[in-house]
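Enquirer: The structure follows.
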Amino acid sequence: MERVEKEIIVRNPQGLHARPAALFVQIASEYDVSVAIEKDGKVVDGKSIIAILSLGINKGARIKLTVEGKEASLAFHQLRRFLEKND
Amino acid sequence: MIKIKGIGASAGIVKGKAFYFSKEEFFIPHRKIDYADISREIYRLEEALIKTRREIANLQKKISDSLGYKEAKIFEAHMLVLEDRVLIEEVIKQIKNQRVNVEFAFYQSIKKYAQILRELDDEYLKERATDIEDVAKRVLRKLLKKDFLSLEGIKEKVIIVAHDLSPSDTALLPKSNVLGFVTDVGGRTSHTAIIARSLEIPAVVGTEIATSKIKGGETVIVDGTEGIVYVNPTTKRIKEYEKKRSIIVKKIPLAKTVLSQTKDGKKIILSANIELPEELSSVVTYGAEGIGLYRTEYIFLGRKELPSEDEQYKAYVNAARKVEPHSVIIRTIDIGGDKFLSKPQVPYEFTPFLGWRAIRFCLANLHIFKTQLRAILRASGEGNVKIMFPMISGVEELKEAKRILEECKEELRKERKRFDENIAVGVMIEVPSAALIAEILAKECDFFSIGTNDLIQYSLAVDRADEKVAYLYEPAHPAVLRLIRNVIRDAHIQGIWVGMCGEMAGDPLFTPLLVGMGLDEFSMPPPSIPKVKELICEITFMQAEEIALHALNFSTPKEVEKFLQEKVKEILKDKFYKIFT
C-alpha cells in the first residue's frame, strides 16, 4: 500500500471554495485511494465536498495532504497540481 | 386599496391576479425508531437521494439550455453534496446509533454543516451554506412526500409575488403565463429584475412588504415604470391603468417608424442606456439609435475571478452587432476598490461616491484597465464602437487614460490585431470640476456625455440615498441648469458634440429645455424613448431655445419646474396626458 503525505500551500486563486472544492473531489474520486486534508489540526475526508468546505481553505493556506492506496503517488501528483495551479 | 412602493426593475404596467409563491418552512418530524426499522429508514434515504439527483440533473439541463452552461455549473456542487459520503455516513450513523427517523437525522447533519460554513470568516463560503440548505430542502421534500412547490404548475396568467426568486425557481417558469413580478427584496441587478427585463414584463422589486400584504388571489396592478404596486385597486385606479396601458401599447410601433427631429427639422439622437445584455433586444424594439451608455459593470460583478479580454471582447462585439449601423458607447468600469470581486454580493450602487472608483480605480489597477481597453479596441474593429471614461475630474486623468489607450493600440498593432485607429474617445461629465473646465477637456476628446445623476448629487452636495436630504436633489436647480448649459456651450465652441445619459435625459419634462440648450444626444432606458420622441416631434427648435433661455432666468427649482410644465402642456395640448401619465 502506497502512502504519500506532504504539506502544500494552496495557490489556487479561489482557495478550495464551492467550484474548486467540487473539482478537487472529482479528481480525488477518479482514483482508488483515500484522501485526507489536514488544516490547523483538523483532519477531514478529501472526497467529501461538505467536509472540505467546512475547513474554509483560502488561497495561501497551508494544508497537509495525505493520499493512501494503490494509486497514491499518481493521485497525489494530480491533486497537488490542482492545488498549486495559479491561474 | 393598498399602495406599495418599491424599485421599478422592469418597465411597463400590467394588471392581473396575484400568485403568492412562498418557500414554506419545513416541519421536521422527530421519532424514535425500532431496531427493525433501521434498514427501512436507510432505504428511504437512498431513495430520496436518487430522486433528488435526478431532479437536479433535469434542472441542470434546463438551465444549461436556457441560460447557458456557466449558469448551470453551480449544480455540479449541488450534485456532489448529494453524493457526499461523509454526510451520508453521518446520517446513517445517527439513524443506527440514536434510533431516529431519517428526516431528523438528515436535517441535523445538514444544520451542523451549514452552521460550520456560516461561522467561517469568508463571505463567499458563508453563502455556500444556502446552497447546501437548498439541496437539503429538495431531499427533505422527497422524504416528506411533499410536492416540490414550484412555479412550473402555474396554469393561468398571474402576477408572481414572492419574497425572492432564485434561478432555480425561475428556470422552470411557464413564461407565457407570467404577467409580472413583485418581490420583497432585490434591486435593479437582482435575478428577478434581469429575468423580467429579458421577458419584457413589468417588475417591482425591493418592496420590503409585498408578501405581508399580498396573500394570493387579489387583483394587483404592477407599474414597473414607476415602481408601484396597487393591491385591490379602486375602479378609478383601474381606469387610470387602462388608459396608461392603451397608451403604452399604442405608442411603441410609432416610436420605431417616426424620425426623432423637431418640427423645423433639427435632428436629435435618442439612444439607449444598457446595463445588462438581456436588455439589448429592447434597443431595437423601442427605436433607439444605438447605445449612448453601455455599462460594463455587470461583466465584473458577482464573480470571483476577473473577466478575460476575450470574454469582454465577445460581449462588446455582440452589443455592437445588435445596434448596427448605429454606435455603442462603452463606458469603462465604474466600480470601487472596496467591493471589487472580493465581495461580489454588494451591489455597485453602494460605490463610495467620493472615493476610489471609476477612472481613479482603473488608473491604479492597470492590468484590469488595459484588459478592458484592449477588449474595447478589438471590438471597434468589428463594429461601430466609441469609448467613454467615467468620473474624470481634471485633464491629467483624461490625458493619462488616453496615454494608456495609445499603449494598448500599440500593443495591438504589434500583435496585428484589428481595431479602429480613430476610435472616438468621450468624457462623462459628472463631476462639477469637469463641467467647469469643459472647454479644457473638450480639446482633448471627441464628445461629452453628461451624467446628471452624479452631477446633481455632487453639485448640490446631496446623497440621494439619505432620505433626510433627498428633497434637496433637484434636477431643475438653477445651478444644475447653468452647469449643463455651460458644458454644452463650451463643447460646441470647441466643435465636439454633447450627449446626456442621466435620468434627466429620459424625463420628458426636461426635453424642450435640453433640446433648446443644444443637447445633441439623449441616452435613456429604452422604454422612455417613445415619450421623449413624441415630445421632440411636437416642438420647433426655436420654441425650445426660447424655453431654455427663459428657464435660466428663474431663481428656484420650483419656478423652473412650474414653467416647464406649463410650456409642455401648451405644446402638447391634449397629448399632454398621453405622455405625462
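Scheme for the C-alpha cells: letters A, B, ... for chains in order shown; per-chain residue numbers from 1; ligand numbers from 1 in order shown.
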I need the residues of chain A that end up classed as strand (DSSP E) by DSSP on the backbone, written out as a list in words.

Expert: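 Listing strand (DSSP E) positions across chain A yields Glu2, Arg3, Val4, Glu5, Lys6, Glu7, Ile8, Ile9, Val33, Ser34, Val35, Ala36, Ile37, Glu38, Lys39, Lys42, Val43, Val44, Asp45, Arg62, Ile63, Lys64, Leu65, Thr66, Val67, Glu68 and Gly69 of chain A.
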
Enquirer: I need the chain B residues near chain A as a PDB file with C-alpha atoms, in the first residue's frame; criterion: at most 9 Å, counting only C-alpha atoms.

Expert:
```
ATOM      1  CA  LYS B  73     -22.312  24.920 -13.138  1.00  0.00           C
ATOM      2  CA  ILE B  74     -23.348  25.550  -9.548  1.00  0.00           C
ATOM      3  CA  GLU B  76     -22.362  20.340 -10.037  1.00  0.00           C
ATOM      4  CA  ALA B  77     -21.573  21.304  -6.470  1.00  0.00           C
ATOM      5  CA  LEU B  80     -21.617  16.407  -5.006  1.00  0.00           C
ATOM      6  CA  VAL B  81     -23.394  17.287  -1.793  1.00  0.00           C
ATOM      7  CA  GLU B  83     -23.109  12.081  -3.187  1.00  0.00           C
ATOM      8  CA  ASP B  84     -21.088  13.235  -0.206  1.00  0.00           C
ATOM      9  CA  ARG B  85     -20.057  10.136   1.684  1.00  0.00           C
ATOM     10  CA  VAL B  86     -19.133  11.948   4.886  1.00  0.00           C
ATOM     11  CA  LEU B  87     -22.614  13.408   5.021  1.00  0.00           C
ATOM     12  CA  TYR B 113     -22.517  21.762   8.255  1.00  0.00           C
ATOM     13  CA  ALA B 114     -24.481  24.856   7.282  1.00  0.00           C
ATOM     14  CA  ILE B 116     -19.905  25.492  10.291  1.00  0.00           C
ATOM     15  CA  LEU B 117     -19.866  27.297   6.941  1.00  0.00           C
ATOM     16  CA  LEU B 120     -16.220  30.769   8.635  1.00  0.00           C
ATOM     17  CA  ASP B 121     -14.572  34.122   8.143  1.00  0.00           C
ATOM     18  CA  ASP B 122     -15.284  34.205   4.427  1.00  0.00           C
ATOM     19  CA  TYR B 124     -18.272  33.575  -0.162  1.00  0.00           C
ATOM     20  CA  LEU B 125     -18.260  30.365   1.865  1.00  0.00           C
ATOM     21  CA  ARG B 128     -22.494  28.333   0.275  1.00  0.00           C
ATOM     22  CA  ILE B 132     -26.326  23.199   0.995  1.00  0.00           C
ATOM     23  CA  LYS B 304     -14.551  35.796  -8.040  1.00  0.00           C
ATOM     24  CA  GLU B 305     -12.178  35.961 -10.970  1.00  0.00           C
TER      25      GLU B 305
END
```

Enquirer: Leaving out A:Leu74 and any residue of its chain fewer than 2 positions from it, which residues lie within 12 Å of it when counting only C-alpha atoms, given as a VMD selection string?

Expert: chain A and resid 2 to 4 27 to 28 30 to 33 67 to 72 76 to 81

Enquirer: Restrict the selected residues to N, CA and C atoms and save them as a PDB file, in the first residue's frame.

Expert:
```pdb
ATOM      1  N   GLU A   2       0.603   2.126  -0.981  1.00  0.00           N
ATOM      2  CA  GLU A   2       1.371   3.375  -1.069  1.00  0.00           C
ATOM      3  C   GLU A   2       0.781   4.416  -0.142  1.00  0.00           C
ATOM      4  N   ARG A   3       1.635   5.309   0.316  1.00  0.00           N
ATOM      5  CA  ARG A   3       1.125   6.413   1.124  1.00  0.00           C
ATOM      6  C   ARG A   3       2.010   7.641   0.878  1.00  0.00           C
ATOM      7  N   VAL A   4       1.386   8.742   0.449  1.00  0.00           N
ATOM      8  CA  VAL A   4       2.148   9.972   0.232  1.00  0.00           C
ATOM      9  C   VAL A   4       1.565  11.043   1.133  1.00  0.00           C
ATOM     10  N   ILE A  27     -11.578  14.998  -8.921  1.00  0.00           N
ATOM     11  CA  ILE A  27     -10.265  14.419  -9.225  1.00  0.00           C
ATOM     12  C   ILE A  27      -9.971  13.283  -8.243  1.00  0.00           C
ATOM     13  N   ALA A  28     -10.180  13.555  -6.967  1.00  0.00           N
ATOM     14  CA  ALA A  28      -9.886  12.554  -5.930  1.00  0.00           C
ATOM     15  C   ALA A  28     -10.667  11.267  -6.171  1.00  0.00           C
ATOM     16  N   GLU A  30     -11.537   9.924  -8.862  1.00  0.00           N
ATOM     17  CA  GLU A  30     -11.128   9.131 -10.017  1.00  0.00           C
ATOM     18  C   GLU A  30     -10.157   8.020  -9.639  1.00  0.00           C
ATOM     19  N   TYR A  31      -9.575   8.112  -8.444  1.00  0.00           N
ATOM     20  CA  TYR A  31      -8.559   7.141  -8.058  1.00  0.00           C
ATOM     21  C   TYR A  31      -9.013   6.278  -6.902  1.00  0.00           C
ATOM     22  N   ASP A  32      -8.457   5.090  -6.886  1.00  0.00           N
ATOM     23  CA  ASP A  32      -8.771   4.143  -5.824  1.00  0.00           C
ATOM     24  C   ASP A  32      -7.848   4.435  -4.641  1.00  0.00           C
ATOM     25  N   VAL A  33      -8.122   5.550  -3.989  1.00  0.00           N
ATOM     26  CA  VAL A  33      -7.282   5.954  -2.859  1.00  0.00           C
ATOM     27  C   VAL A  33      -8.168   6.593  -1.789  1.00  0.00           C
ATOM     28  N   VAL A  67      -2.448  10.943   0.922  1.00  0.00           N
ATOM     29  CA  VAL A  67      -3.135  10.065  -0.017  1.00  0.00           C
ATOM     30  C   VAL A  67      -2.639   8.646   0.216  1.00  0.00           C
ATOM     31  N   GLU A  68      -3.554   7.719   0.331  1.00  0.00           N
ATOM     32  CA  GLU A  68      -3.188   6.351   0.641  1.00  0.00           C
ATOM     33  C   GLU A  68      -3.920   5.405  -0.292  1.00  0.00           C
ATOM     34  N   GLY A  69      -3.213   4.377  -0.782  1.00  0.00           N
ATOM     35  CA  GLY A  69      -3.886   3.412  -1.651  1.00  0.00           C
ATOM     36  C   GLY A  69      -3.004   3.030  -2.816  1.00  0.00           C
ATOM     37  N   LYS A  70      -3.556   2.180  -3.686  1.00  0.00           N
ATOM     38  CA  LYS A  70      -2.783   1.637  -4.794  1.00  0.00           C
ATOM     39  C   LYS A  70      -2.199   2.718  -5.699  1.00  0.00           C
ATOM     40  N   GLU A  71      -3.045   3.746  -6.004  1.00  0.00           N
ATOM     41  CA  GLU A  71      -2.597   4.753  -6.969  1.00  0.00           C
ATOM     42  C   GLU A  71      -2.162   6.045  -6.280  1.00  0.00           C
ATOM     43  N   ALA A  72      -1.670   5.892  -5.045  1.00  0.00           N
ATOM     44  CA  ALA A  72      -1.420   7.070  -4.218  1.00  0.00           C
ATOM     45  C   ALA A  72      -0.529   8.122  -4.871  1.00  0.00           C
ATOM     46  N   PHE A  76      -1.785  11.732  -5.814  1.00  0.00           N
ATOM     47  CA  PHE A  76      -1.187  12.843  -5.079  1.00  0.00           C
ATOM     48  C   PHE A  76      -0.676  13.911  -6.052  1.00  0.00           C
ATOM     49  N   HIS A  77      -0.016  13.428  -7.085  1.00  0.00           N
ATOM     50  CA  HIS A  77       0.535  14.329  -8.088  1.00  0.00           C
ATOM     51  C   HIS A  77      -0.564  15.203  -8.714  1.00  0.00           C
ATOM     52  N   GLN A  78      -1.672  14.571  -9.082  1.00  0.00           N
ATOM     53  CA  GLN A  78      -2.773  15.309  -9.732  1.00  0.00           C
ATOM     54  C   GLN A  78      -3.405  16.319  -8.782  1.00  0.00           C
ATOM     55  N   LEU A  79      -3.610  15.882  -7.534  1.00  0.00           N
ATOM     56  CA  LEU A  79      -4.264  16.764  -6.565  1.00  0.00           C
ATOM     57  C   LEU A  79      -3.378  17.958  -6.236  1.00  0.00           C
ATOM     58  N   ARG A  80      -2.101  17.668  -6.105  1.00  0.00           N
ATOM     59  CA  ARG A  80      -1.168  18.732  -5.776  1.00  0.00           C
ATOM     60  C   ARG A  80      -1.095  19.753  -6.916  1.00  0.00           C
ATOM     61  N   ARG A  81      -1.084  19.213  -8.135  1.00  0.00           N
ATOM     62  CA  ARG A  81      -1.036  20.106  -9.275  1.00  0.00           C
ATOM     63  C   ARG A  81      -2.253  21.040  -9.281  1.00  0.00           C
TER      64      ARG A  81
END
```

Enquirer: State, in Å with one decimal place, the distance from atom CA of B:Thr52 to atom CA of B:Asp131.

Expert: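 These two atoms are separated by 14.2 Å.
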
Enquirer: Measuring atom to atom with only C-alpha atoms, identify which of A:Val35, A:Met1, A:Asn12, A:Glu7 is nearest to A:Lys64.

Expert: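 Closest residue, counting only C-alpha atoms: A:Glu7.
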
Enquirer: For B:Val515, work out the shell of residues within 8 Å, counting only C-alpha atoms and skipping chain neighbours fewer than 2 positions away, then give it as a PyMOL selection string.

Expert: chain B and resi 268+511-513+517-520+541+544-545

Enquirer: So that I can see what lies close to A:Ile9, please list as a list in words the residues with an atom at most 6 Å from it, counting only C-alpha atoms and leaving out residues fewer than 4 positions away in the same chain.

Expert: Gly60, Ala61 and Arg62 of chain A

Enquirer: I need the chosen residues saved as a tab-separated table (two decimals), in the first residue's frame, with C-alpha atoms.

Expert:
```
chain	number	residue	atom	x	y	z
A	60	GLY	CA	-2.25	30.81	0.69
A	61	ALA	CA	-3.50	28.31	3.29
A	62	ARG	CA	-1.02	25.65	4.42
```

Enquirer: With distances taken over only C-alpha atoms, which residue among B:Gln457, B:Gln115, B:Ser10, B:Asn101 lies nearest B:Ile194?

Expert: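 For B:Ile194, the nearest of the candidates is B:Ser10.
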
Enquirer: Nearest to B:Arg374 among B:Ser39, B:Thr332, B:Ser393, B:Ser528, with distances taken over only C-alpha atoms: which residue is it?

Expert: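 Looking only at the distances to B:Arg374, the closest residue turns out to be B:Thr332.
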
Enquirer: Taking only C-alpha atoms into account, which of A:Lys39, A:Glu5, A:Ile52, A:Ile63 comes nearest A:Ala75?

Expert: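 So, comparing all the options, the nearest one is A:Glu5.
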